[in-house]
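What follows is one structure encoded as structure tokens, with my remarks underneath.
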Amino acid sequence: MKRFAAYDPPEYHNWTADPALVKACRECITANPRREEVIRGLGQEQLLDLYAGLLRNRLHDIMLKRWVKSGIISKAWLGVGEEATTIGPVHALRRKPGPDRDVVAPMIRNSGACHEMGMPVADIFRSYLGTADGPSKGRDLHVGDLGYGVLPPISHVGDVVPVISGIALSFKQRGEDRVGITWIGDGSTKTAAFHEGINFAAVLRLPVIFIIQNNQVALGTRLSQHAAGSFEDWPAMYGVAGGTFDGNNVLDAYAATKLAADHARAGNGPTLLIAETFRMGGHATHDEREARSMFDAELFAGWGRRDPVGLYEAWLEEEGIGREVMEEIEARVSAEVEAAAEEAIASRENAMPRPESAVEDVYA
């Protein structure tokens with residue numbers, strides 16, 4: 001895809017596929033026969049839909065960074081480098097409108113879950129701009145809309161875990177063939193709500209998937225500073241199914257989640273998955289310099305070579321999908337995001353919240 005010198009991480013500016021890493025991605029897929037079977041069952045339309053989702057997620061974040069740099073917003077929480085950890089799992093769920101649509105509960109940097117569940121990209125931008133015609137009616141930039149199966153994030157990290165477990169309990173009680181999913185940062189795993197929510201789901205064998213999005217840092221706390229041991233041991237600790245997937249490989253992410261969803265629909269309870277990935281920036285756009293001072297440049301360089309968009313493009317080419325096909329998709333998605341941004345900016349001009357709306361839809 002096109003690289004943007006002003007907005008992309010510097011490691012992405014002159015990105016080229018490392019043959020050894022492309023080979024490693026392919027070996028990652030073939031190493032697990034069950035996951036490989038899932039991936040080989042995907043048709044070209046589904047493979048390209050995954051590609052469009054990765055691009056939409058990346059270009060959404062680039063637009064937000066453009067807005068920060070031009071003063072439209074003050075800061076943004078981006079998921080650059082982690083897109084596959086969001087897009088792969090969401091595509092493994094039931095996303096079409098209907099009574100059997102699954103429910104996702106993203107963190108703020110899993111915004112890709114919103115548009116891949118069907119939310120208009122313009123509505124996601126409106127949430128950042130605080131317009132009255134946005135999903136939260138101007139109140140909050142934590143984006144979601146249950147009409148699309150998206151539970152908005154809760155600012156208190158970890159607290160969404162018991163909420164999505166409660167939603168999964170409702171599926172079970174009503175006999176619905178539906179699954180809930182949420183992502184938890186490595187830092188959020190230290191909260192009481194995280195442990196209580198997973199334990200609750202495990203005891204009641206609820207149809208829910210938890211993904212620990214291990215991007216190596218929680219705000220300013222490096223993973224090496226935690227006293228938690230390996231996340232790989234955690235599923236057994238709770239008595240649930242589990243596994244690890246490559247958070248920069250959208251196909252591995254898809255397959256691991258698809259198997260977890262099948263496991264849940266069969267009545268076998270939760271799955272706790274661990275996604276190994278890396279955040280190519282700060283906690284938000286305001287502290288990117290601080291984030292880079294926490295780690296050696298070599299770490300950013302290593303993860304920069306594993307750009308999930310670029311690696312998937314290389315895999316698609318090896319599968320015989322031409323560059324011109326991907327360029328057509330990129331042009332379409334880019335136009336979609338640009339149009340959504342213009343639409344949201346127009347809302348800021350003519351659809352700001354009324355002051356008295358601050359006390360509407362408030363419950364005590």
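Going through the structure tokens in order, the chains are called A, B, and so on, while each chain numbers its residues from 1 and the ligands are numbered from 1 in the order shown.
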### Task
Write out as a ChimeraX atom specification the residues lying within 10 Å of Thr277 (chain A), counting only C-alpha atoms and excluding same-chain residues fewer than 2 positions away.
/A:81-85,213-216,245-249,274-275,279-280,303,306,308
### Task
Extract, using only C-alpha atoms, all DNA, RNA and protein residues at most 6 Å from Val240 (chain A), discarding same-chain residues fewer than 3 positions from it, and format them as a PyMOL selection string.
chain A and resi 235+270-271
Just-selected residues, N, CA, C and O atoms written as a short mmCIF file (atom, residue, chain, number, x, y, z; two decimals), in the first residue's frame:
data_model
loop_
_atom_site.label_atom_id
_atom_site.label_comp_id
_atom_site.auth_asym_id
_atom_site.auth_seq_id
_atom_site.Cartn_x
_atom_site.Cartn_y
_atom_site.Cartn_z
N PRO A 235 -4.69 -19.59 30.06
CA PRO A 235 -5.93 -20.34 29.80
C PRO A 235 -6.10 -21.52 30.75
O PRO A 235 -7.20 -21.74 31.29
N PRO A 270 -15.68 -20.67 27.00
CA PRO A 270 -14.81 -19.59 26.52
C PRO A 270 -13.47 -20.09 25.97
O PRO A 270 -13.04 -21.21 26.25
N THR A 271 -12.83 -19.19 25.25
CA THR A 271 -11.43 -19.37 24.83
C THR A 271 -10.67 -18.10 25.16
O THR A 271 -11.18 -16.99 24.95
#
Give me the residues near region 127-134 of chain A as a PDB file with C-alpha atoms, in the first residue's frame, where near means some atom within 8 Å (using only C-alpha atoms) and where sequence neighbours in that chain fewer than 3 positions away do not count.
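Printed below is out27.pdb as written:
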ATOM      1  CA  ILE A  73      -8.430  17.192  17.038  1.00  0.00           C
ATOM      2  CA  ASP A 123     -19.748   7.736  12.368  1.00  0.00           C
ATOM      3  CA  ILE A 124     -16.420   6.669  13.871  1.00  0.00           C
ATOM      4  CA  LYS A 137     -24.478  12.037  20.353  1.00  0.00           C
ATOM      5  CA  GLY A 138     -21.363  14.057  21.060  1.00  0.00           C
ATOM      6  CA  ARG A 139     -20.550  12.687  24.484  1.00  0.00           C
ATOM      7  CA  ASP A 140     -17.540  10.427  24.055  1.00  0.00           C
ATOM      8  CA  LEU A 141     -15.023   9.197  21.515  1.00  0.00           C
ATOM      9  CA  HIS A 142     -15.357   5.598  22.720  1.00  0.00           C
ATOM     10  CA  VAL A 143     -17.015   4.284  19.601  1.00  0.00           C
ATOM     11  CA  ALA A 344     -17.772  13.987   9.485  1.00  0.00           C
ATOM     12  CA  ILE A 345     -16.173  17.429   9.078  1.00  0.00           C
ATOM     13  CA  SER A 347     -21.233  17.411  10.720  1.00  0.00           C
ATOM     14  CA  ARG A 348     -18.912  19.507  12.860  1.00  0.00           C
ATOM     15  CA  ALA A 351     -24.567  19.171  13.840  1.00  0.00           C
ATOM     16  CA  MET A 352     -22.930  20.049  17.138  1.00  0.00           C
ATOM     17  CA  PRO A 353     -24.815  18.980  20.306  1.00  0.00           C
ATOM     18  CA  ARG A 354     -27.346  21.282  21.944  1.00  0.00           C
TER      19      ARG A 354
END
### Task
Run DSSP on the backbone and give me the residues of region 54-153 of chain A it puts in strand (DSSP E or B), as a list in words.
Val103, Val104, Ala105, Asp145 and Val150 of chain A
### Task
Run DSSP on the backbone of this structure and report the residues of region 66-149 of chain A it assigns to helix (DSSP H, G or I), as a ChimeraX atom specification.
/A:66-69,83-91,112-116,121-129,146-148
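Here CA of Asp100 (chain A) stands at a distance of 6.3 Å from CA of Asp177 (chain A).
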### Task
Excluding region 90-93 of chain A and any residue of its chain fewer than 6 positions from it, enumerate the residues within 7 Å of it, using only C-alpha atoms, and give them as a list in words.
Asp102, Ala113, Glu116, Tyr254, Thr257 and Lys258 of chain A
### Message
Using only C-alpha atoms, which protein or nucleic acid residues come within 10 Å of Gly118 (chain A)? Drop anything in the same chain fewer than 2 positions from it, and give the result as a PyMOL selection string.
### Response
chain A and resi 95-97+113-116+120-121+145+147-150
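Put simply, CA of Gly242 (chain A) is 16.0 Å away from CA of Pro33 (chain A).
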### Query
Contacts of region 59-69 of chain A at 8 Å or less, counting only C-alpha atoms, minus same-chain residues fewer than 4 places along, as a ChimeraX atom specification?
/A:7-8,55,73-76,78-80,121,285,334,337,341
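Using only C-alpha atoms, the smallest distance between any of A:Phe295, A:Tyr51, A:Phe125, A:Tyr363 and Arg332 (chain A) comes from A:Tyr51.
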